[in-house]
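Q: My structure file upload_18.pdb, PDB, C-alpha atoms (C1' of nucleotides), is below:
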ATOM      1  CA  MET A 799       0.000   0.000   0.000
ATOM      2  CA  GLN A 800       2.460   2.623  -1.181
ATOM      3  CA  ALA A 801       1.110   6.122  -0.590
ATOM      4  CA  ARG A 802      -0.371   8.032  -3.453
ATOM      5  CA  ASN A 803       0.618  11.637  -3.767
ATOM      6  CA  THR A 804      -2.818  13.125  -4.153
ATOM      7  CA  ARG A 805      -3.754  16.751  -4.472
ATOM      8  CA  GLN A 806      -5.192  16.768  -0.932
ATOM      9  CA  LYS A 807      -1.991  15.581   0.664
ATOM     10  CA  GLN A 808       0.095  18.061  -1.272
ATOM     11  CA  ILE A 809      -2.160  20.836  -0.034
ATOM     12  CA  VAL A 810      -1.906  19.810   3.602
ATOM     13  CA  ASP A 811       1.874  19.690   3.222
ATOM     14  CA  LYS A 812       1.846  23.063   1.485
ATOM     15  CA  VAL A 813      -0.170  24.730   4.230
ATOM     16  CA  MET A 814       2.087  23.242   6.888
ATOM     17  CA  GLY A 815       5.210  24.317   5.047
ATOM     18  CA  LYS A 816       4.090  27.919   4.770
ATOM     19  CA  ALA A 817       3.359  28.234   8.474
ATOM     20  CA  THR A 818       5.631  30.333  10.664
ATOM     21  CA  ARG A 819       4.033  29.043  13.836
ATOM     22  CA  PRO A 820       2.203  25.866  14.897
ATOM     23  CA  LEU A 821      -1.266  25.590  13.364
ATOM     24  CA  THR A 822      -4.493  24.093  14.632
ATOM     25  CA  VAL A 823      -6.465  21.557  12.625
ATOM     26  CA  HIS A 824      -9.025  24.184  11.725
ATOM     27  CA  GLU A 825      -6.386  26.637  10.569
ATOM     28  CA  ILE A 826      -4.953  23.932   8.349
ATOM     29  CA  LEU A 827      -8.386  23.038   7.009
ATOM     30  CA  ALA A 828      -9.227  26.692   6.350
ATOM     31  CA  GLY A 829      -5.882  27.238   4.659
ATOM     32  CA  GLY A 830      -6.318  24.151   2.528
ATOM     33  CA  LYS A 831      -9.864  25.002   1.473
ATOM     34  CA  LYS A 832      -8.518  28.115  -0.238
ATOM     35  CA  PHE A 833      -6.804  25.823  -2.714
ATOM     36  CA  LEU A 834      -9.308  22.969  -2.745
ATOM     37  CA  PRO A 835     -12.714  23.923  -1.338
ATOM     38  CA  SER A 836     -13.888  20.319  -1.219
ATOM     39  CA  LEU A 837     -11.100  19.414   1.240
ATOM     40  CA  GLY A 838     -12.606  17.532   4.169
ATOM     41  CA  LEU A 839     -11.822  17.592   7.859
ATOM     42  CA  ALA A 840     -11.348  13.823   7.978
ATOM     43  CA  THR A 841      -8.689  13.992   5.283
ATOM     44  CA  VAL A 842      -6.794  16.655   7.196
ATOM     45  CA  TYR A 843      -6.874  14.528  10.345
ATOM     46  CA  ARG A 844      -5.803  11.438   8.425
ATOM     47  CA  GLU A 845      -2.939  13.217   6.720
ATOM     48  CA  LEU A 846      -1.788  14.881   9.931
ATOM     49  CA  ASN A 847      -1.784  11.586  11.783
ATOM     50  CA  ARG A 848       0.199   9.991   8.983
ATOM     51  CA  LEU A 849       2.745  12.814   9.025
ATOM     52  CA  VAL A 850       3.091  12.562  12.799
ATOM     53  CA  GLU A 851       3.675   8.810  12.543
ATOM     54  CA  THR A 852       6.350   9.220   9.903
ATOM     55  CA  GLY A 853       7.926  11.946  12.000
ATOM     56  CA  GLU A 854       7.530  14.687   9.404
ATOM     57  CA  ILE A 855       5.490  16.892  11.700
ATOM     58  CA  GLN A 856       5.103  17.187  15.454
ATOM     59  CA  THR A 857       2.169  17.832  17.711
ATOM     60  CA  VAL A 858       2.323  20.838  20.026
ATOM     61  CA  THR A 859       0.081  20.492  23.045
ATOM     62  CA  ILE A 860      -0.683  23.493  25.212
ATOM     63  CA  PRO A 861      -2.953  22.853  28.208
ATOM     64  CA  GLY A 862      -6.424  24.183  27.571
ATOM     65  CA  ASP A 863      -5.763  24.666  23.872
ATOM     66  CA  PRO A 864      -6.561  22.459  20.921
ATOM     67  CA  PRO A 865      -3.533  20.594  19.521
ATOM     68  CA  ARG A 866      -1.323  22.387  17.037
ATOM     69  CA  TYR A 867       0.980  20.944  14.401
ATOM     70  CA  GLU A 868       4.351  22.069  13.076
ATOM     71  CA  ILE A 869       7.012  20.806  10.700
ATOM     72  CA  ALA A 870       9.446  18.641  12.647
ATOM     73  CA  LYS A 871      12.660  20.458  13.322
ATOM     74  CA  GLN A 872      15.498  20.646  15.811
ATOM     75  CA  HIS A 873      14.644  20.249  19.451
ATOM     76  CA  HIS A 874      12.989  23.440  20.642
ATOM     77  CA  HIS A 875      10.252  24.729  22.917
ATOM     78  CA  HIS A 876       7.230  27.010  22.818
ATOM     79  CA  PHE A 877       5.924  30.289  24.119
ATOM     80  CA  LYS A 878       2.211  30.891  24.446
ATOM     81  CA  CYS A 879       1.068  34.516  24.568
ATOM     82  CA  THR A 880      -1.648  34.827  27.175
ATOM     83  CA  LYS A 881      -3.077  37.875  25.440
ATOM     84  CA  CYS A 882      -3.201  37.088  21.704
ATOM     85  CA  ASP A 883      -3.133  33.295  22.224
ATOM     86  CA  ASN A 884      -0.520  32.794  19.527
ATOM     87  CA  VAL A 885       2.139  30.151  20.012
ATOM     88  CA  TYR A 886       5.747  30.941  19.140
ATOM     89  CA  GLU A 887       8.748  28.702  18.723
ATOM     90  CA  LEU A 888      11.751  29.214  20.980
ATOM     91  CA  GLU A 889      15.346  28.402  20.183
ATOM     92  CA  GLY A 890      17.707  26.633  22.506
ATOM     93  CA  CYS A 891      17.301  24.357  25.448
ATOM     94  CA  LEU A 892      18.484  23.960  29.031
ATOM     95  CA  LYS A 893      21.122  21.388  29.906
ATOM     96  CA  GLU A 894      20.359  22.212  33.520
ATOM     97  CA  ILE A 895      17.137  20.296  33.172
ATOM     98  CA  THR A 896      18.922  17.157  34.361
ATOM     99  CA  LYS A 897      18.999  18.756  37.800
ATOM    100  CA  LEU A 898      15.293  18.073  38.138
ATOM    101  CA  VAL A 899      15.554  14.315  37.630
ATOM    102  CA  PRO A 900      15.225  12.410  40.917
ATOM    103  CA  LYS A 901      17.763   9.736  41.795
ATOM    104  CA  GLY A 902      16.917   6.427  40.186
ATOM    105  CA  PHE A 903      14.795   8.026  37.481
ATOM    106  CA  LYS A 904      16.005   8.077  33.912
ATOM    107  CA  ALA A 905      14.925  11.043  31.791
ATOM    108  CA  GLU A 906      14.675  10.571  28.038
ATOM    109  CA  SER A 907      13.014  13.756  26.857
ATOM    110  CA  HIS A 908      11.174  16.822  28.033
ATOM    111  CA  ASP A 909       8.807  19.613  27.078
ATOM    112  CA  ILE A 910       9.020  23.216  28.177
ATOM    113  CA  THR A 911       6.262  25.758  27.612
ATOM    114  CA  LEU A 912       6.569  29.400  28.597
ATOM    115  CA  TYR A 913       3.601  31.694  29.107
ATOM    116  CA  GLY A 914       3.508  35.461  29.037
ATOM    117  CA  LEU A 915       3.296  38.329  26.598
ATOM    118  CA  CYS A 916       4.797  38.256  23.139
ATOM    119  CA  ARG A 917       6.644  41.201  21.674
ATOM    120  CA  ALA A 918       3.515  42.616  20.031
ATOM    121  CA  CYS A 919       1.415  42.381  23.197
ATOM    122  CA  ALA A 920       4.009  43.418  25.796
TER     123      ALA A 920
ATOM    124  CA  MET B1223     -25.014  31.913  46.653
ATOM    125  CA  GLN B1224     -22.656  30.775  49.376
ATOM    126  CA  ALA B1225     -21.428  27.255  48.790
ATOM    127  CA  ARG B1226     -22.914  24.436  50.761
ATOM    128  CA  ASN B1227     -20.514  21.941  52.205
ATOM    129  CA  THR B1228     -22.244  18.818  50.994
ATOM    130  CA  ARG B1229     -21.148  15.255  51.463
ATOM    131  CA  GLN B1230     -20.199  14.984  47.784
ATOM    132  CA  LYS B1231     -17.851  17.919  47.912
ATOM    133  CA  GLN B1232     -16.206  16.693  51.090
ATOM    134  CA  ILE B1233     -15.598  13.350  49.417
ATOM    135  CA  VAL B1234     -13.995  14.869  46.329
ATOM    136  CA  ASP B1235     -11.747  16.915  48.599
ATOM    137  CA  LYS B1236     -10.944  13.841  50.674
ATOM    138  CA  VAL B1237      -9.950  11.778  47.650
ATOM    139  CA  MET B1238      -7.792  14.606  46.339
ATOM    140  CA  GLY B1239      -6.155  15.090  49.710
ATOM    141  CA  LYS B1240      -5.154  11.455  50.041
ATOM    142  CA  ALA B1241      -3.491  11.357  46.629
ATOM    143  CA  THR B1242       0.288  11.140  46.399
ATOM    144  CA  ARG B1243       0.255  11.834  42.679
ATOM    145  CA  PRO B1244      -2.048  13.653  40.249
ATOM    146  CA  LEU B1245      -5.305  11.802  39.674
ATOM    147  CA  THR B1246      -7.539  11.499  36.656
ATOM    148  CA  VAL B1247     -11.254  12.259  36.811
ATOM    149  CA  HIS B1248     -12.076   8.580  36.724
ATOM    150  CA  GLU B1249      -9.661   7.781  39.523
ATOM    151  CA  ILE B1250     -11.320  10.478  41.601
ATOM    152  CA  LEU B1251     -14.791   9.198  40.755
ATOM    153  CA  ALA B1252     -13.798   5.621  41.553
ATOM    154  CA  GLY B1253     -12.208   6.709  44.815
ATOM    155  CA  GLY B1254     -15.257   8.730  45.778
ATOM    156  CA  LYS B1255     -17.713   5.979  44.962
ATOM    157  CA  LYS B1256     -16.129   3.863  47.679
ATOM    158  CA  PHE B1257     -17.532   6.341  50.189
ATOM    159  CA  LEU B1258     -20.686   7.378  48.349
ATOM    160  CA  PRO B1259     -21.697   4.967  45.594
ATOM    161  CA  SER B1260     -24.278   7.362  44.175
ATOM    162  CA  LEU B1261     -21.596   9.937  43.414
ATOM    163  CA  GLY B1262     -21.973  11.114  39.827
ATOM    164  CA  LEU B1263     -19.441  12.024  37.204
ATOM    165  CA  ALA B1264     -21.004  15.434  36.616
ATOM    166  CA  THR B1265     -20.608  16.338  40.268
ATOM    167  CA  VAL B1266     -16.944  15.395  40.192
ATOM    168  CA  TYR B1267     -16.395  17.573  37.130
ATOM    169  CA  ARG B1268     -18.316  20.466  38.682
ATOM    170  CA  GLU B1269     -16.414  20.265  41.932
ATOM    171  CA  LEU B1270     -13.065  19.943  40.193
ATOM    172  CA  ASN B1271     -13.780  22.959  38.012
ATOM    173  CA  ARG B1272     -14.799  24.937  41.060
ATOM    174  CA  LEU B1273     -11.627  23.969  42.918
ATOM    175  CA  VAL B1274      -9.496  24.903  39.916
ATOM    176  CA  GLU B1275     -11.194  28.300  39.713
ATOM    177  CA  THR B1276     -10.635  29.005  43.366
ATOM    178  CA  GLY B1277      -7.028  27.883  43.005
ATOM    179  CA  GLU B1278      -7.285  25.018  45.478
ATOM    180  CA  ILE B1279      -6.259  22.414  42.929
ATOM    181  CA  GLN B1280      -4.333  22.499  39.671
ATOM    182  CA  THR B1281      -4.732  20.725  36.379
ATOM    183  CA  VAL B1282      -1.833  18.666  35.112
ATOM    184  CA  THR B1283      -1.910  18.221  31.359
ATOM    185  CA  ILE B1284       0.306  15.654  29.684
ATOM    186  CA  PRO B1285       0.025  15.430  25.894
ATOM    187  CA  GLY B1286      -1.894  12.348  24.851
ATOM    188  CA  ASP B1287      -3.144  11.739  28.385
ATOM    189  CA  PRO B1288      -6.411  12.679  30.039
ATOM    190  CA  PRO B1289      -6.132  15.656  32.429
ATOM    191  CA  ARG B1290      -5.048  14.974  35.979
ATOM    192  CA  TYR B1291      -5.682  16.996  39.103
ATOM    193  CA  GLU B1292      -3.573  17.681  42.165
ATOM    194  CA  ILE B1293      -3.757  19.803  45.292
ATOM    195  CA  ALA B1294      -2.214  23.190  44.563
ATOM    196  CA  LYS B1295       1.223  23.476  46.086
ATOM    197  CA  GLN B1296       4.520  25.211  45.591
ATOM    198  CA  HIS B1297       5.714  25.665  42.050
ATOM    199  CA  HIS B1298       6.918  22.324  40.749
ATOM    200  CA  HIS B1299       6.996  20.164  37.641
ATOM    201  CA  HIS B1300       6.157  16.644  36.525
ATOM    202  CA  PHE B1301       7.717  13.435  35.332
ATOM    203  CA  LYS B1302       5.751  11.011  33.208
ATOM    204  CA  CYS B1303       7.005   7.426  33.131
ATOM    205  CA  THR B1304       6.758   6.144  29.582
ATOM    206  CA  LYS B1305       6.519   2.562  30.798
ATOM    207  CA  CYS B1306       4.050   2.526  33.672
ATOM    208  CA  ASP B1307       2.323   5.791  32.650
ATOM    209  CA  ASN B1308       2.358   7.154  36.178
ATOM    210  CA  VAL B1309       2.953  10.850  36.717
ATOM    211  CA  TYR B1310       5.308  11.975  39.481
ATOM    212  CA  GLU B1311       5.871  15.368  41.018
ATOM    213  CA  LEU B1312       9.332  16.914  40.841
ATOM    214  CA  GLU B1313      10.839  19.364  43.271
ATOM    215  CA  GLY B1314      12.711  22.447  42.277
ATOM    216  CA  CYS B1315      12.821  24.619  39.238
ATOM    217  CA  LEU B1316      15.289  26.189  36.849
ATOM    218  CA  LYS B1317      16.119  29.872  37.086
ATOM    219  CA  GLU B1318      17.979  29.405  33.814
ATOM    220  CA  ILE B1319      14.643  29.233  32.086
ATOM    221  CA  THR B1320      14.794  32.977  31.513
ATOM    222  CA  LYS B1321      17.521  32.288  28.963
ATOM    223  CA  LEU B1322      14.889  30.942  26.585
ATOM    224  CA  VAL B1323      12.796  34.111  26.524
ATOM    225  CA  PRO B1324      13.293  36.100  23.318
ATOM    226  CA  LYS B1325      13.981  39.819  23.492
ATOM    227  CA  GLY B1326      10.823  41.845  23.809
ATOM    228  CA  PHE B1327       8.856  38.917  25.185
ATOM    229  CA  LYS B1328       7.782  38.891  28.798
ATOM    230  CA  ALA B1329       7.546  35.515  30.486
ATOM    231  CA  GLU B1330       5.142  35.105  33.383
ATOM    232  CA  SER B1331       5.124  31.386  34.013
ATOM    233  CA  HIS B1332       6.149  28.062  32.569
ATOM    234  CA  ASP B1333       5.550  24.346  32.563
ATOM    235  CA  ILE B1334       8.178  21.632  32.375
ATOM    236  CA  THR B1335       7.391  17.976  31.815
ATOM    237  CA  LEU B1336      10.039  15.269  31.791
ATOM    238  CA  TYR B1337       9.562  11.871  30.191
ATOM    239  CA  GLY B1338      11.460   8.696  30.868
ATOM    240  CA  LEU B1339      11.577   5.790  33.273
ATOM    241  CA  CYS B1340      10.687   6.059  36.927
ATOM    242  CA  ARG B1341      12.698   4.369  39.651
ATOM    243  CA  ALA B1342      10.535   1.255  39.591
ATOM    244  CA  CYS B1343      10.684   0.849  35.814
ATOM    245  CA  ALA B1344      14.331   1.813  35.194
TER     246      ALA B1344
ATOM    247  C1'  DG C1231      -9.870  -1.774 -14.685
ATOM    248  C1'  DT C1232      -8.157  -1.980  -9.883
ATOM    249  C1'  DG C1233      -7.709  -0.202  -5.606
ATOM    250  C1'  DC C1234      -6.591   3.271  -2.486
ATOM    251  C1'  DA C1235      -7.864   8.007  -0.879
ATOM    252  C1'  DT C1236     -11.605  10.987  -0.166
ATOM    253  C1'  DG C1237     -15.874  13.069   1.671
ATOM    254  C1'  DC C1238     -19.773  12.406   4.170
ATOM    255  C1'  DA C1239     -22.066  11.062   8.039
ATOM    256  C1'  DA C1240     -22.268   8.355  12.003
ATOM    257  C1'  DA C1241     -19.929   6.670  15.918
ATOM    258  C1'  DG C1242     -16.935   7.329  19.955
ATOM    259  C1'  DG C1243     -14.746   9.433  23.976
ATOM    260  C1'  DG C1244     -14.505  13.090  27.147
ATOM    261  C1'  DT C1245     -16.747  17.137  29.201
ATOM    262  C1'  DT C1246     -20.561  20.298  29.921
ATOM    263  C1'  DT C1247     -25.321  21.527  30.542
ATOM    264  C1'  DG C1248     -30.641  21.364  31.287
ATOM    265  C1'  DC C1249     -33.830  19.789  34.190
ATOM    266  C1'  DA C1250     -36.522  17.781  37.928
ATOM    267  C1'  DC C1251     -35.871  15.900  42.398
ATOM    268  C1'  DG C1252     -34.558  16.102  47.099
ATOM    269  C1'  DC C1253     -31.497  17.317  50.783
ATOM    270  C1'  DG C1254     -29.525  21.078  53.658
ATOM    271  C1'  DC C1255     -30.485  25.046  55.865
TER     272       DC C1255
ATOM    273  C1'  DG D1245     -40.662  25.756  52.765
ATOM    274  C1'  DC D1246     -37.036  27.609  49.690
ATOM    275  C1'  DG D1247     -33.295  27.061  46.958
ATOM    276  C1'  DC D1248     -29.063  25.140  45.773
ATOM    277  C1'  DG D1249     -26.600  20.823  44.661
ATOM    278  C1'  DT D1250     -27.101  16.467  42.630
ATOM    279  C1'  DG D1251     -27.785  12.683  39.304
ATOM    280  C1'  DC D1252     -29.359  11.511  35.029
ATOM    281  C1'  DA D1253     -29.453  11.990  30.299
ATOM    282  C1'  DA D1254     -28.908  14.735  26.436
ATOM    283  C1'  DA D1255     -26.030  17.908  24.198
ATOM    284  C1'  DC D1256     -21.429  19.328  22.644
ATOM    285  C1'  DC D1257     -16.934  19.304  20.780
ATOM    286  C1'  DC D1258     -13.172  17.017  18.850
ATOM    287  C1'  DT D1259     -11.480  13.047  16.584
ATOM    288  C1'  DT D1260     -11.911   8.595  14.438
ATOM    289  C1'  DT D1261     -14.173   5.248  11.543
ATOM    290  C1'  DG D1262     -17.403   2.820   8.001
ATOM    291  C1'  DC D1263     -18.821   3.068   3.596
ATOM    292  C1'  DA D1264     -19.758   4.242  -1.222
ATOM    293  C1'  DT D1265     -17.834   7.086  -4.784
ATOM    294  C1'  DG D1266     -14.309   8.444  -7.867
ATOM    295  C1'  DC D1267      -9.698   9.625  -9.047
ATOM    296  C1'  DA D1268      -4.819   7.963  -9.746
ATOM    297  C1'  DC D1269      -2.242   4.822 -11.824
TER     298       DC D1269
END
Take the structure in the file and write it out as structure tokens.
A:
Amino acid sequence: MQARNTRQKQIVDKVMGKATRPLTVHEILAGGKKFLPSLGLATVYRELNRLVETGEIQTVTIPGDPPRYEIAKQHHHHFKCTKCDNVYELEGCLKEITKLVPKGFKAESHDITLYGLCRACA
Amino acid sequence: MQARNTRQKQIVDKVMGKATRPLTVHEILAGGKKFLPSLGLATVYRELNRLVETGEIQTVTIPGDPPRYEIAKQHHHHFKCTKCDNVYELEGCLKEITKLVPKGFKAESHDITLYGLCRACA
DNA sequence: GTGCATGCAAAGGGTTTGCACGCGC
DNA sequence: GCGCGTGCAAACCCTTTGCATGCAC
């Protein structure tokens, strides 16, 4: 069952690729409908899940928010503006995070989310 | 509309207070039913939402997991074991986190979640 | 022509809400 | 007795799934 490169999939990829910040499912659907009005929600979900499984995109989960999706890239973290609700990508990471790991525990990965005001809202 | 201190509410508080780790809604309901079998899911949700609003408890959100709840306490973070799926509380925090904030942004708070193996599973 | 991908609609899981009953005051 | 809190069931929202159609090859 080799994947077919249909118009729908190309459009989901295209919308994702253009994004400068993580997008919600509905933003992706709305963006895709501009190119193919018949695009369905189920197809967007199916394509997103496929892309997550193959590791091409990543899910960004912010408590209280719907999931967002972004092109997979180097390890990084996120900043959620509490005023405009946009989510931004942050560069860098903290090696000091190992200090939090209790004795006997073995950390493999981590997520960091910052909250506050973005440049435009501050 | 001053709140009444009903049996149901006392039981939700009691279950939360006994917990040594964040609990899911269904764990709280199951725990409460041991004391009051007629306890309903809607009441648990209503009481939890009230306690979150008053700041008495906090929601712990782990991507891909149902929300958990814990008694509000000093600032801390969480560790999710990828094998047994339990969530543990971590002590301490990282002042270095300010290094991640971009210029012009104003950070107010943050969440850190570690993933890996707990002591029992490592 | 064959078969997978799509769109629709229904199903599913988790959470909230409307309503009538009954307990707490 | 009055009114809020409760339990039930329905409603909601988000996501997944079943199925018939139709496009890609």
Q: Can you work out which residues from chain D touch chain B at a cut-off of 9 Å (counting all atoms listed in the file) and hand them back as an NGL selection string?
A: :D and (1248-1252)
Q: List as JSON lines every residue of chain C that is in contact with chain B, defined as an atom at most 10 Å from one of its atoms (using all atoms listed in the file), together with the nearest atom pair and the distance in Å rounded to one decimal, sorted by chain and then rising number.
A:
{"residue": "C:DG1244", "atom": "C1'", "partner": "B:Pro1288", "partner_atom": "CA", "distance": 8.6}
{"residue": "C:DT1245", "atom": "C1'", "partner": "B:Tyr1267", "partner_atom": "CA", "distance": 7.9}
{"residue": "C:DT1246", "atom": "C1'", "partner": "B:Ala1264", "partner_atom": "CA", "distance": 8.3}
{"residue": "C:DT1247", "atom": "C1'", "partner": "B:Ala1264", "partner_atom": "CA", "distance": 9.6}
{"residue": "C:DC1253", "atom": "C1'", "partner": "B:Thr1228", "partner_atom": "CA", "distance": 9.4}
{"residue": "C:DG1254", "atom": "C1'", "partner": "B:Arg1226", "partner_atom": "CA", "distance": 8.0}
{"residue": "C:DC1255", "atom": "C1'", "partner": "B:Arg1226", "partner_atom": "CA", "distance": 9.2}
Q: Taking the file as shown, find all residues satisfying the PyMOL selection byres ((chain A and resi 885-900) around 6) and write them as number ranges by chain.
A: A: 819, 874-878, 884, 901, 903
Q: Keeping only C-alpha atoms, take the residues you just selected and write them out as an mmCIF file, keeping the file's coordinate frame.
A:
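Saved the output as result32.cif:
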data_model
loop_
_atom_site.group_PDB
_atom_site.id
_atom_site.type_symbol
_atom_site.label_atom_id
_atom_site.label_comp_id
_atom_site.auth_asym_id
_atom_site.auth_seq_id
_atom_site.Cartn_x
_atom_site.Cartn_y
_atom_site.Cartn_z
ATOM 1 C CA ARG A 819 4.033 29.043 13.836
ATOM 2 C CA HIS A 874 12.989 23.440 20.642
ATOM 3 C CA HIS A 875 10.252 24.729 22.917
ATOM 4 C CA HIS A 876 7.230 27.010 22.818
ATOM 5 C CA PHE A 877 5.924 30.289 24.119
ATOM 6 C CA LYS A 878 2.211 30.891 24.446
ATOM 7 C CA ASN A 884 -0.520 32.794 19.527
ATOM 8 C CA LYS A 901 17.763 9.736 41.795
ATOM 9 C CA PHE A 903 14.795 8.026 37.481
#
Q: Counting only C-alpha atoms, which residues of chain B come no farther than 7 Å from chain A, as a list in words?
A: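 Selected residues: Thr1283, Pro1285, Leu1312, Glu1313, Gly1314, Leu1322, Gly1326, Phe1327, Lys1328, Ala1329, Glu1330, Ser1331, His1332, Asp1333, Ile1334, Thr1335, Leu1336, Tyr1337, Gly1338, Leu1339, Cys1340, Arg1341 and Ala1344 of chain B.
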Q: Restricting the calculation to all atoms listed in the file: of A:Asp863, A:Glu854, A:Ile809, A:Ala817, which residue gets closest to DC1258 in chain D?
A: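 Among A:Asp863, A:Glu854, A:Ile809, A:Ala817, it is A:Asp863 that comes nearest to DC1258 in chain D.
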Q: So what does the PyMOL selection byres ((chain C and resi 1240) around 12) actually pick up in this one, as a ChimeraX atom specification?
A: /C:1238-1239,1241-1242 /D:1260-1263
Q: Within 10 Å of DC1269 in chain D, counting all atoms listed in the file, which residues show up once you throw out same-chain ones fewer than 2 positions away? Write them as a ChimeraX atom specification, please.
A: /A:802 /C:1232-1233 /D:1267
Q: I'd like the interatomic distance between CA of Ile1279 in chain B and CA of Tyr1291 in chain B, to a tenth of an Å.
A: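 Value for the CA of Ile1279 in chain B-CA of Tyr1291 in chain B distance: 6.7 Å.
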Q: So how far away is CA of Val810 in chain A from C1' of DC1234 in chain C, in Å?
A: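 Straight-line distance from C1' of DC1234 in chain C to CA of Val810 in chain A works out to 18.2 Å.
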